[in-house]
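Visitor: My questions all concern the structure below.
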Amino acid sequence: MNPLATLTEAAFQEQVVTLAAVKGWAAYYTYDSRRSPPGFPDLVLARDRVIFAELKTLKGRARPEQLEWLDRLRHAGAECYLWRPPHAREIERVLA
């Protein structure tokens with residue numbers, strides 16, 4: 001079985017946050033978003049620029065509210081990504 005297929009979103013987020021810290025990024029994420037308005041990206045990363053990232057598992061689907069937030073942020077000039085575990089090389093390149 002593909003190990004990426006069993007990776008949870010929480011574990012994937014931990015990997016991205018750890019990589020970001022190693023590369024000198026500050027990371028913000030909401031610990032429990034159940035009482036927050038829906039759709040805001042999972043991570044805000046800041047170093048020499050600001051990145052918004054929505055994280056999904058291999059099978060996870062982005063909800064319309066999440067896609068709308070990413071679109072609005074992009075339209076406002078923000079750097080935004082929808083990352084999944086197979087995007088590891090892209091994530092490393094973006095955070096380099």
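Every chain in the structure tokens takes a letter, A first, then B, and so on in the order presented; its residues are numbered from 1, and the ligands are numbered from 1 following the presented order.
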Just want the 7 Å neighbourhood of Leu55 of chain A, counted on only C-alpha atoms, with same-chain residues fewer than 5 positions away dropped. Output as a short mmCIF file (atom, residue, chain, number, x, y, z; two decimals) with C-alpha atoms, in the first residue's frame.

Guide:
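Result file part-v3.cif:
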data_model
loop_
_atom_site.label_atom_id
_atom_site.label_comp_id
_atom_site.auth_asym_id
_atom_site.auth_seq_id
_atom_site.Cartn_x
_atom_site.Cartn_y
_atom_site.Cartn_z
CA GLU A 9 -4.18 15.58 7.19
CA GLN A 13 0.31 19.37 8.35
CA ASP A 42 -5.01 25.55 7.05
CA LEU A 82 -3.55 23.60 -2.32
CA TRP A 83 -1.03 20.96 -1.29
CA ARG A 84 -1.31 17.19 -1.02
#

Visitor: At a cut-off of 9 Å, using only C-alpha atoms, what residues contact Val17 of chain A? Leave out same-chain residues fewer than 3 positions from it and give the result as an mmCIF file with N, CA and C atoms, in the first residue's frame.

Guide:
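Output file around-v7.cif is given in full below:
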data_model
loop_
_atom_site.group_PDB
_atom_site.id
_atom_site.type_symbol
_atom_site.label_atom_id
_atom_site.label_comp_id
_atom_site.auth_asym_id
_atom_site.auth_seq_id
_atom_site.Cartn_x
_atom_site.Cartn_y
_atom_site.Cartn_z
ATOM 1 N N PHE A 12 0.221 15.199 7.851
ATOM 2 C CA PHE A 12 0.750 15.966 6.720
ATOM 3 C C PHE A 12 1.028 17.402 7.147
ATOM 4 N N GLN A 13 0.100 18.005 7.877
ATOM 5 C CA GLN A 13 0.305 19.371 8.354
ATOM 6 C C GLN A 13 1.537 19.437 9.249
ATOM 7 N N GLU A 14 1.714 18.468 10.114
ATOM 8 C CA GLU A 14 2.892 18.449 10.983
ATOM 9 C C GLU A 14 4.173 18.397 10.156
ATOM 10 N N ALA A 20 8.757 23.871 7.264
ATOM 11 C CA ALA A 20 8.744 25.332 7.266
ATOM 12 C C ALA A 20 9.647 25.880 8.366
ATOM 13 N N ALA A 21 9.573 25.307 9.559
ATOM 14 C CA ALA A 21 10.407 25.772 10.672
ATOM 15 C C ALA A 21 11.890 25.593 10.349
ATOM 16 N N VAL A 22 12.254 24.463 9.767
ATOM 17 C CA VAL A 22 13.654 24.207 9.386
ATOM 18 C C VAL A 22 14.127 25.251 8.378
ATOM 19 N N TRP A 25 10.630 29.600 8.390
ATOM 20 C CA TRP A 25 9.293 30.171 8.284
ATOM 21 C C TRP A 25 8.588 30.139 9.630
ATOM 22 N N ALA A 26 7.811 31.168 9.913
ATOM 23 C CA ALA A 26 6.871 31.141 11.038
ATOM 24 C C ALA A 26 5.569 30.570 10.498
ATOM 25 N N ALA A 27 4.916 29.748 11.290
ATOM 26 C CA ALA A 27 3.680 29.109 10.835
ATOM 27 C C ALA A 27 2.554 29.395 11.810
ATOM 28 N N TYR A 28 1.389 29.719 11.257
ATOM 29 C CA TYR A 28 0.174 29.865 12.057
ATOM 30 C C TYR A 28 -0.862 28.898 11.517
ATOM 31 N N LEU A 43 -2.919 26.750 6.755
ATOM 32 C CA LEU A 43 -1.652 27.331 7.215
ATOM 33 C C LEU A 43 -1.433 28.721 6.658
ATOM 34 N N LEU A 45 2.022 30.909 6.414
ATOM 35 C CA LEU A 45 3.465 30.834 6.599
ATOM 36 C C LEU A 45 4.074 32.189 6.257
#

Visitor: Interatomic distance between atom CA of Ala46 of chain A and atom CA of Arg61 of chain A?

Guide: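 Value for the atom CA of Ala46 of chain A-atom CA of Arg61 of chain A distance: 25.4 Å.
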
Visitor: Name the closest residue to Ile91 of chain A among the candidates A:Ala5, A:Pro37, A:Asp32, A:Ala53; distances are taken between atoms, counting only C-alpha atoms.

Guide: A:Ala53

Visitor: According to DSSP computed on the backbone, where in chain A is there strand (DSSP E or B)? Give the residues as a PyMOL selection string.

Guide: chain A and resi 26-28+43-46+50-55+79-83

Visitor: Write the residues you've just listed into a file as an mmCIF file, in the first residue's frame, and include C-alpha atoms for each of them.

Guide:
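Output file result24.cif is given in full below:
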data_model
loop_
_atom_site.group_PDB
_atom_site.id
_atom_site.type_symbol
_atom_site.label_atom_id
_atom_site.label_comp_id
_atom_site.auth_asym_id
_atom_site.auth_seq_id
_atom_site.Cartn_x
_atom_site.Cartn_y
_atom_site.Cartn_z
ATOM 1 C CA ALA A 26 6.871 31.141 11.038
ATOM 2 C CA ALA A 27 3.680 29.109 10.835
ATOM 3 C CA TYR A 28 0.174 29.865 12.057
ATOM 4 C CA LEU A 43 -1.652 27.331 7.215
ATOM 5 C CA VAL A 44 -0.301 30.845 7.062
ATOM 6 C CA LEU A 45 3.465 30.834 6.599
ATOM 7 C CA ALA A 46 5.607 33.963 6.874
ATOM 8 C CA VAL A 50 3.400 35.312 3.176
ATOM 9 C CA ILE A 51 1.958 32.006 1.970
ATOM 10 C CA PHE A 52 -1.531 30.606 2.520
ATOM 11 C CA ALA A 53 -1.811 26.828 2.157
ATOM 12 C CA GLU A 54 -4.772 24.495 2.203
ATOM 13 C CA LEU A 55 -3.711 20.926 2.957
ATOM 14 C CA GLU A 79 0.589 33.474 -2.714
ATOM 15 C CA CYS A 80 -1.717 30.470 -2.229
ATOM 16 C CA TYR A 81 -1.444 26.724 -2.600
ATOM 17 C CA LEU A 82 -3.549 23.604 -2.323
ATOM 18 C CA TRP A 83 -1.027 20.959 -1.290
#
